[in-house]
file protein38.pdb (PDB, C-alpha atoms)
MODEL        1
ATOM      1  CA  GLN K   1     -11.364  -5.805  14.084
ATOM      2  CA  GLN K   2      -8.596  -4.149  12.111
ATOM      3  CA  GLN K   3      -9.279  -6.159   8.971
ATOM      4  CA  VAL K   4     -10.611  -4.806   5.731
ATOM      5  CA  LYS K   5     -12.155  -7.549   3.611
ATOM      6  CA  GLN K   6     -12.028  -7.010  -0.145
ATOM      7  CA  SER K   7     -13.817  -8.861  -2.925
ATOM      8  CA  PRO K   8     -13.606 -10.193  -5.527
ATOM      9  CA  GLN K   9     -10.012 -11.366  -5.718
ATOM     10  CA  SER K  10     -10.085 -11.041  -9.494
ATOM     11  CA  LEU K  11     -12.466  -9.451 -11.957
ATOM     12  CA  ILE K  12     -12.763  -9.593 -15.730
ATOM     13  CA  VAL K  13     -14.846  -6.945 -17.478
ATOM     14  CA  GLN K  14     -15.480  -6.119 -21.101
ATOM     15  CA  LYS K  15     -14.410  -2.718 -22.403
ATOM     16  CA  GLY K  16     -17.141  -0.193 -21.715
ATOM     17  CA  GLY K  17     -18.561  -2.162 -18.817
ATOM     18  CA  ILE K  18     -18.790  -1.268 -15.136
ATOM     19  CA  SER K  19     -16.213  -2.680 -12.722
ATOM     20  CA  ILE K  20     -17.316  -2.978  -9.092
ATOM     21  CA  ILE K  21     -15.008  -3.838  -6.196
ATOM     22  CA  ASN K  22     -16.308  -4.148  -2.660
ATOM     23  CA  CYS K  23     -14.771  -3.726   0.772
ATOM     24  CA  ALA K  24     -16.126  -4.273   4.267
ATOM     25  CA  TYR K  25     -14.721  -3.269   7.626
ATOM     26  CA  GLU K  26     -15.450  -3.795  11.318
ATOM     27  CA  ASN K  27     -13.690  -0.959  13.090
ATOM     28  CA  THR K  28     -16.216   1.859  13.523
ATOM     29  CA  ALA K  29     -13.381   4.255  14.301
ATOM     30  CA  PHE K  30     -12.239   4.197  10.691
ATOM     31  CA  ASP K  31     -12.858   7.596   9.133
ATOM     32  CA  TYR K  32     -10.802   7.652   5.959
ATOM     33  CA  PHE K  33     -11.174   5.212   3.075
ATOM     34  CA  PRO K  34      -8.747   5.472   0.158
ATOM     35  CA  TRP K  35      -8.449   3.324  -2.932
ATOM     36  CA  TYR K  36      -5.076   2.593  -4.478
ATOM     37  CA  GLN K  37      -4.307   1.467  -8.031
ATOM     38  CA  GLN K  38      -1.218  -0.593  -8.765
ATOM     39  CA  PHE K  39       0.138  -1.414 -12.218
ATOM     40  CA  PRO K  40       2.663  -4.243 -12.702
ATOM     41  CA  GLY K  41       6.156  -3.146 -11.755
ATOM     42  CA  LYS K  42       4.874  -0.033 -10.022
ATOM     43  CA  GLY K  43       3.983   0.933  -6.483
ATOM     44  CA  PRO K  44       0.380   1.607  -5.430
ATOM     45  CA  ALA K  45      -0.896   5.077  -6.317
ATOM     46  CA  LEU K  46      -3.716   6.876  -4.525
ATOM     47  CA  LEU K  47      -6.732   6.876  -6.830
ATOM     48  CA  ILE K  48      -9.617   8.330  -4.858
ATOM     49  CA  ALA K  49     -10.622   8.589  -1.212
ATOM     50  CA  ILE K  50     -13.729   9.273   0.857
ATOM     51  CA  ARG K  51     -14.623  10.231   4.400
ATOM     52  CA  PRO K  52     -17.844   8.946   6.028
ATOM     53  CA  ASP K  53     -19.601  12.307   6.033
ATOM     54  CA  VAL K  54     -20.612  11.698   2.401
ATOM     55  CA  SER K  55     -22.162   8.637   0.768
ATOM     56  CA  GLU K  56     -20.578   9.036  -2.630
ATOM     57  CA  LYS K  57     -17.585  10.649  -4.263
ATOM     58  CA  LYS K  58     -16.970  10.802  -7.971
ATOM     59  CA  GLU K  59     -13.815  11.650  -9.869
ATOM     60  CA  GLY K  60     -14.102  11.162 -13.599
ATOM     61  CA  ARG K  61     -15.008   7.533 -14.275
ATOM     62  CA  PHE K  62     -14.210   6.472 -10.705
ATOM     63  CA  THR K  63     -16.841   6.582  -7.947
ATOM     64  CA  ILE K  64     -16.676   5.503  -4.318
ATOM     65  CA  SER K  65     -19.975   4.526  -2.710
ATOM     66  CA  PHE K  66     -20.014   4.436   1.085
ATOM     67  CA  ASN K  67     -22.572   2.753   3.337
ATOM     68  CA  LYS K  68     -21.799   3.661   6.921
ATOM     69  CA  SER K  69     -24.532   1.563   8.516
ATOM     70  CA  ALA K  70     -23.419  -1.551   6.633
ATOM     71  CA  LYS K  71     -19.741  -0.710   7.118
ATOM     72  CA  GLN K  72     -19.109  -1.209   3.439
ATOM     73  CA  PHE K  73     -17.622   0.830   0.639
ATOM     74  CA  SER K  74     -17.112   0.113  -3.004
ATOM     75  CA  LEU K  75     -15.271   1.363  -6.063
ATOM     76  CA  HIS K  76     -17.149   1.669  -9.336
ATOM     77  CA  ILE K  77     -15.264   2.168 -12.586
ATOM     78  CA  MET K  78     -17.609   3.331 -15.315
ATOM     79  CA  ASP K  79     -16.875   2.762 -19.000
ATOM     80  CA  SER K  80     -13.963   0.492 -18.060
ATOM     81  CA  GLN K  81     -10.973   0.632 -20.398
ATOM     82  CA  PRO K  82      -8.099  -1.808 -21.014
ATOM     83  CA  GLY K  83      -5.789   0.809 -19.463
ATOM     84  CA  ASP K  84      -7.685   0.351 -16.195
ATOM     85  CA  SER K  85      -6.325  -3.192 -15.937
ATOM     86  CA  ALA K  86      -4.434  -3.164 -12.641
ATOM     87  CA  THR K  87      -4.665  -4.336  -9.053
ATOM     88  CA  TYR K  88      -6.904  -2.227  -6.830
ATOM     89  CA  PHE K  89      -6.559  -2.025  -3.048
ATOM     90  CA  CYS K  90      -9.020  -0.536  -0.634
ATOM     91  CA  ALA K  91      -7.760   0.735   2.694
ATOM     92  CA  ALA K  92      -9.024   2.333   5.870
ATOM     93  CA  ASN K  93      -7.641   4.444   8.657
ATOM     94  CA  SER K  94      -8.730   6.280  11.753
ATOM     95  CA  GLY K  95      -7.417   9.635  12.853
ATOM     96  CA  SER K  96      -5.652   8.141  15.834
ATOM     97  CA  ALA K  97      -3.993   5.324  13.905
ATOM     98  CA  ARG K  98      -0.509   5.501  12.507
ATOM     99  CA  GLN K  99      -1.157   3.143   9.667
ATOM    100  CA  LEU K 100      -3.533   2.263   6.894
ATOM    101  CA  THR K 101      -5.214  -1.141   6.959
ATOM    102  CA  PHE K 102      -5.271  -2.558   3.448
ATOM    103  CA  GLY K 103      -7.566  -5.024   1.745
ATOM    104  CA  SER K 104      -6.052  -8.011  -0.048
ATOM    105  CA  GLY K 105      -6.445  -6.502  -3.521
ATOM    106  CA  THR K 106      -8.501  -7.131  -6.660
ATOM    107  CA  GLN K 107      -6.841  -7.877  -9.966
ATOM    108  CA  LEU K 108      -8.950  -6.202 -12.662
ATOM    109  CA  THR K 109      -8.655  -7.181 -16.307
ATOM    110  CA  VAL K 110     -10.561  -5.175 -18.889
ATOM    111  CA  LEU K 111     -10.845  -7.002 -22.190
ATOM    112  CA  PRO K 112     -10.583  -4.953 -25.400
TER     113      PRO K 112
ATOM    114  CA  GLU U 113       8.161  10.623 -11.198
ATOM    115  CA  THR U 114       6.530   9.419  -8.017
ATOM    116  CA  GLY U 115       8.592  11.501  -5.612
ATOM    117  CA  VAL U 116       9.602   8.337  -3.772
ATOM    118  CA  THR U 117      12.595   6.539  -5.292
ATOM    119  CA  GLN U 118      13.685   3.043  -4.316
ATOM    120  CA  THR U 119      16.932   1.303  -5.196
ATOM    121  CA  PRO U 120      17.741  -1.257  -6.309
ATOM    122  CA  ARG U 121      14.653  -2.235  -8.289
ATOM    123  CA  HIS U 122      15.637  -5.911  -8.217
ATOM    124  CA  LEU U 123      17.845  -7.839  -5.816
ATOM    125  CA  VAL U 124      18.817 -11.486  -5.728
ATOM    126  CA  MET U 125      20.720 -12.652  -2.685
ATOM    127  CA  GLY U 126      21.709 -15.798  -0.882
ATOM    128  CA  MET U 127      20.546 -16.532   2.636
ATOM    129  CA  THR U 128      23.926 -15.653   4.141
ATOM    130  CA  ASN U 129      24.365 -12.321   2.346
ATOM    131  CA  LYS U 130      23.967  -8.850   3.777
ATOM    132  CA  LYS U 131      22.372  -6.174   1.626
ATOM    133  CA  SER U 132      20.487  -2.909   2.055
ATOM    134  CA  LEU U 133      17.454  -1.394   0.361
ATOM    135  CA  LYS U 134      17.325   2.362  -0.050
ATOM    136  CA  CYS U 135      14.397   4.755  -0.198
ATOM    137  CA  GLU U 136      14.521   8.483  -0.868
ATOM    138  CA  GLN U 137      11.612  10.921  -0.914
ATOM    139  CA  HIS U 138      11.626  14.441  -2.322
ATOM    140  CA  LEU U 139       8.186  15.430  -1.072
ATOM    141  CA  GLY U 140       9.128  17.068   2.211
ATOM    142  CA  HIS U 141       7.196  14.440   4.139
ATOM    143  CA  ASN U 142       7.804  13.690   7.802
ATOM    144  CA  ALA U 143       6.674  10.055   7.915
ATOM    145  CA  MET U 144       8.147   7.090   6.058
ATOM    146  CA  TYR U 145       7.109   3.455   5.918
ATOM    147  CA  TRP U 146       8.358   0.020   4.849
ATOM    148  CA  TYR U 147       5.826  -2.494   3.540
ATOM    149  CA  LYS U 148       6.141  -6.089   2.359
ATOM    150  CA  GLN U 149       3.947  -7.154  -0.545
ATOM    151  CA  SER U 150       3.496 -10.844  -1.227
ATOM    152  CA  ALA U 151       1.254 -12.373  -3.861
ATOM    153  CA  LYS U 152      -2.457 -12.476  -2.969
ATOM    154  CA  LYS U 153      -1.896 -11.033   0.506
ATOM    155  CA  PRO U 154      -2.655  -7.612   1.939
ATOM    156  CA  LEU U 155       0.172  -5.151   2.156
ATOM    157  CA  GLU U 156       2.044  -5.841   5.383
ATOM    158  CA  LEU U 157       3.286  -2.804   7.255
ATOM    159  CA  MET U 158       6.768  -3.443   8.642
ATOM    160  CA  PHE U 159       8.050  -0.174  10.073
ATOM    161  CA  VAL U 160       6.943   3.426  10.510
ATOM    162  CA  TYR U 161       9.240   6.373  11.067
ATOM    163  CA  SER U 162       8.072   9.838  12.048
ATOM    164  CA  LEU U 163      10.600  12.660  12.092
ATOM    165  CA  GLU U 164      13.380  10.068  11.932
ATOM    166  CA  GLU U 165      12.153   8.180  15.001
ATOM    167  CA  ARG U 166      10.793   4.648  14.725
ATOM    168  CA  VAL U 167       7.215   4.715  15.963
ATOM    169  CA  GLU U 168       5.997   1.309  14.825
ATOM    170  CA  ASN U 169       7.535  -2.118  14.467
ATOM    171  CA  ASN U 170       4.969  -4.711  13.492
ATOM    172  CA  SER U 171       6.645  -7.786  14.966
ATOM    173  CA  VAL U 172       9.173  -7.908  12.168
ATOM    174  CA  PRO U 173      12.011 -10.460  12.550
ATOM    175  CA  SER U 174      15.342  -9.015  13.579
ATOM    176  CA  ARG U 175      16.900 -10.075  10.269
ATOM    177  CA  PHE U 176      15.250  -6.885   8.944
ATOM    178  CA  SER U 177      16.828  -3.745  10.406
ATOM    179  CA  PRO U 178      15.557  -0.283   9.408
ATOM    180  CA  GLU U 179      17.502   2.938   9.527
ATOM    181  CA  CYS U 180      16.277   6.501   9.020
ATOM    182  CA  PRO U 181      19.248   8.913   9.053
ATOM    183  CA  ASN U 182      17.081  11.902   8.076
ATOM    184  CA  SER U 183      13.517  12.600   7.017
ATOM    185  CA  SER U 184      14.326  12.103   3.318
ATOM    186  CA  HIS U 185      16.069   8.743   3.504
ATOM    187  CA  LEU U 186      15.081   5.322   4.746
ATOM    188  CA  PHE U 187      17.052   2.095   4.590
ATOM    189  CA  LEU U 188      16.197  -1.524   5.204
ATOM    190  CA  HIS U 189      19.233  -3.625   6.105
ATOM    191  CA  LEU U 190      18.898  -7.322   5.366
ATOM    192  CA  HIS U 191      20.883 -10.233   6.742
ATOM    193  CA  THR U 192      20.421 -13.994   6.970
ATOM    194  CA  LEU U 193      17.118 -13.888   5.123
ATOM    195  CA  GLN U 194      14.866 -16.874   4.480
ATOM    196  CA  PRO U 195      13.232 -17.963   1.201
ATOM    197  CA  GLU U 196       9.829 -16.806   2.515
ATOM    198  CA  ASP U 197      11.238 -13.276   2.650
ATOM    199  CA  SER U 198      11.149 -13.132  -1.144
ATOM    200  CA  ALA U 199       8.642 -10.385  -1.956
ATOM    201  CA  LEU U 200       8.225  -6.840  -3.202
ATOM    202  CA  TYR U 201       9.375  -4.343  -0.582
ATOM    203  CA  LEU U 202       7.658  -0.999  -0.840
ATOM    204  CA  CYS U 203       8.629   2.297   0.709
ATOM    205  CA  ALA U 204       6.063   5.040   1.254
ATOM    206  CA  SER U 205       5.949   8.513   2.723
ATOM    207  CA  SER U 206       3.234  10.856   3.974
ATOM    208  CA  PRO U 207       3.151  14.412   5.287
ATOM    209  CA  GLU U 208       2.425  13.097   8.791
ATOM    210  CA  GLU U 209       1.617   9.659  10.195
ATOM    211  CA  GLY U 210      -1.704   8.272   9.038
ATOM    212  CA  GLN U 211      -2.108  10.731   6.158
ATOM    213  CA  PRO U 212      -2.332   9.696   2.474
ATOM    214  CA  GLN U 213       0.771   7.774   1.506
ATOM    215  CA  HIS U 214       2.872   8.046  -1.631
ATOM    216  CA  PHE U 215       4.572   4.819  -2.623
ATOM    217  CA  GLY U 216       7.785   4.056  -4.445
ATOM    218  CA  ASP U 217       7.900   1.363  -7.119
ATOM    219  CA  GLY U 218       9.474  -1.161  -4.791
ATOM    220  CA  THR U 219      12.435  -3.511  -4.705
ATOM    221  CA  ARG U 220      11.735  -7.036  -5.945
ATOM    222  CA  LEU U 221      13.735  -9.270  -3.593
ATOM    223  CA  SER U 222      14.493 -12.894  -4.343
ATOM    224  CA  ILE U 223      16.212 -15.108  -1.778
ATOM    225  CA  LEU U 224      18.014 -18.130  -3.165
TER     226      LEU U 224
ENDMDL
END

call {"tool": "encode", "arguments": {"input": "protein38.pdb", "output": "structure tokens"}}
result
Amino acid sequence: QQQVKQSPQSLIVQKGGISIINCAYENTAFDYFPWYQQFPGKGPALLIAIRPDVSEKKEGRFTISFNKSAKQFSLHIMDSQPGDSATYFCAANSGSARQLTFGSGTQLTVLP
Amino acid sequence: ETGVTQTPRHLVMGMTNKKSLKCEQHLGHNAMYWYKQSAKKPLELMFVYSLEERVENNSVPSRFSPECPNSSHLFLHLHTLQPEDSALYLCASSPEEGQPQHFGDGTRLSIL
């Protein structure tokens, strides 16, 4: 019940295209859903996060869509750029939990 | 500058060696974490410290021994490691437990 399932494992997108990464969860107590971006040789960095009181959050080219009834959330990267090539992790947490539960990651490659 | 600094960045050690990983955060956070990151697997939480007290130990083998002398420093002491312990070890901190985490760039550990 603590798992967060992330797909796809890898994704290749042409420059200018839309990258979509999906995550699903089971624990209905989760109330915070961050996305992390990790470049090679670097630690994960918080990219964008959402709470379930809204269905969408947008920051620049990055948008989180949240579907509470389906227990799913996704990251959309609009106008994808080669500099977006990285590994993306979704995660989830509940207020009472001490730790984030991470997805297994998606390796995104944006072709020039 | 991520605010969370890990040293060394790379470490190669034999199975009988003893070494320590160091993490330092300059963010004034009260919670610190050790994670293990292996290829194609979710981030594995190892230990959580809050105000210098260990509050979580996720069934980590005793060959890994954490130490938190103050809220800015976290160590991971290693001894008699196994080849399957080769991985990227990430340190993170957050203002309080369960809040957004800031990661260091990790120590790449290779066990011969």

call {"tool": "residues_around", "arguments": {"input": "protein38.pdb", "residues": "segment 36-49 of chain K", "least_positions_apart": "5", "cutoff": "6 Å", "atoms": "all atoms listed in the file", "output": "list in words"}}
result
Ala86, Thr87, Tyr88 and Phe89 of chain K; Phe215, Gly216 and Asp217 of chain U

call {"tool": "resolve_selection", "arguments": {"input": "protein38.pdb", "expression": "the PyMOL selection byres ((chain U and resi 130) around 12)", "output": "list in words"}}
result
Leu123, Val124, Met125, Gly126, Met127, Thr128, Asn129, Lys131, Ser132, Leu133, Arg175, Phe176, Ser177, Leu188, His189, Leu190, His191, Thr192, Leu193 and Ile223 of chain U

call {"tool": "atom_distance", "arguments": {"input": "protein38.pdb", "atom1": "atom CA of Glu164 of chain U", "atom2": "atom CA of Glu196 of chain U"}}
result
28.7 Å

call {"tool": "resolve_selection", "arguments": {"input": "protein38.pdb", "expression": "the PyMOL selection byres ((chain U and resi 143) around 8)", "output": "PyMOL selection string"}}
result
chain U and resi 141-142+144-145+160-164+183+205-209

call {"tool": "atom_distance", "arguments": {"input": "protein38.pdb", "atom1": "atom CA of Pro120 of chain U", "atom2": "atom CA of Ser198 of chain U"}}
result
14.5 Å

call {"tool": "residues_around", "arguments": {"input": "protein38.pdb", "residues": "Phe33 of chain K", "least_positions_apart": "3", "cutoff": "10 Å", "atoms": "all atoms listed in the file", "output": "ChimeraX atom specification"}}
result
/K:23,30,48-52,64,66,73-74,90-94,100-102 /U:212

call {"tool": "closest_residue", "arguments": {"input": "protein38.pdb", "among": "U:His185, U:His214, U:His138, U:His122", "to": "chain K", "atoms": "only C-alpha atoms"}}
result
U:His214

call {"tool": "residues_around", "arguments": {"input": "protein38.pdb", "residues": "Ser55 of chain K", "least_positions_apart": "2", "cutoff": "8 Å", "atoms": "only C-alpha atoms", "output": "VMD selection string"}}
result
chain K and resid 52 to 53 57 65 to 68

call {"tool": "atom_distance", "arguments": {"input": "protein38.pdb", "atom1": "atom CA of Thr28 of chain K", "atom2": "atom CA of Glu56 of chain K"}}
result
18.2 Å

call {"tool": "closest_residue", "arguments": {"input": "protein38.pdb", "among": "U:Gly115, U:Pro154, U:Pro181, U:Gly140", "to": "chain K", "atoms": "all atoms listed in the file"}}
result
U:Pro154

call {"tool": "axis_aligned_box", "arguments": {"input": "protein38.pdb", "around": "segment 79-87 of chain K", "padding_each_side": "4 Å", "output": "JSON"}}
result
{"center_x": -10.7, "center_y": -0.8, "center_z": -15.0, "size_x": 20.4, "size_y": 15.1, "size_z": 20.0}

call {"tool": "residues_around", "arguments": {"input": "protein38.pdb", "residues": "Thr109 of chain K", "least_positions_apart": "2", "cutoff": "12 Å", "atoms": "all atoms listed in the file", "output": "list in words"}}
result
Gln9, Ser10, Leu11, Ile12, Val13, Gln14, Lys15, Gly17, Ile18, Ser19, Phe39, Ser80, Gln81, Pro82, Gly83, Asp84, Ser85, Ala86, Thr87, Tyr88, Thr106, Gln107, Leu111 and Pro112 of chain K

call {"tool": "resolve_selection", "arguments": {"input": "protein38.pdb", "expression": "the PyMOL selection byres ((chain U and resi 136) around 8)", "output": "list in words"}}
result
Val116, Thr117, Gln118, Lys134, Cys135, Gln137, His138, Ser184, His185 and Leu186 of chain U

call {"tool": "closest_residue", "arguments": {"input": "protein38.pdb", "among": "K:Ile77, K:Gly16, K:Trp35, K:Ala29", "to": "chain U", "atoms": "only C-alpha atoms"}}
result
K:Trp35

call {"tool": "closest_residue", "arguments": {"input": "protein38.pdb", "among": "K:Tyr25, K:Asp79, K:Ser69, K:Tyr32", "to": "chain U", "atoms": "all atoms listed in the file"}}
result
K:Tyr32

call {"tool": "residues_around", "arguments": {"input": "protein38.pdb", "residues": "Glu26 of chain K", "least_positions_apart": "2", "cutoff": "10 Å", "atoms": "all atoms listed in the file", "output": "list in words"}}
result
Gln1, Gln2, Gln3, Val4, Lys5, Ala24, Thr28, Ala29, Phe30, Ala70, Lys71 and Gln72 of chain K

call {"tool": "write_last_selection", "arguments": {"input": "protein38.pdb", "atoms": "C-alpha atoms", "output": "JSON list (two decimals), in the frame of the given file"}}
result
[["chain", "number", "residue", "atom", "x", "y", "z"],
["K", 1, "GLN", "CA", -11.36, -5.80, 14.08],
["K", 2, "GLN", "CA", -8.60, -4.15, 12.11],
["K", 3, "GLN", "CA", -9.28, -6.16, 8.97],
["K", 4, "VAL", "CA", -10.61, -4.81, 5.73],
["K", 5, "LYS", "CA", -12.16, -7.55, 3.61],
["K", 24, "ALA", "CA", -16.13, -4.27, 4.27],
["K", 28, "THR", "CA", -16.22, 1.86, 13.52],
["K", 29, "ALA", "CA", -13.38, 4.26, 14.30],
["K", 30, "PHE", "CA", -12.24, 4.20, 10.69],
["K", 70, "ALA", "CA", -23.42, -1.55, 6.63],
["K", 71, "LYS", "CA", -19.74, -0.71, 7.12],
["K", 72, "GLN", "CA", -19.11, -1.21, 3.44]]
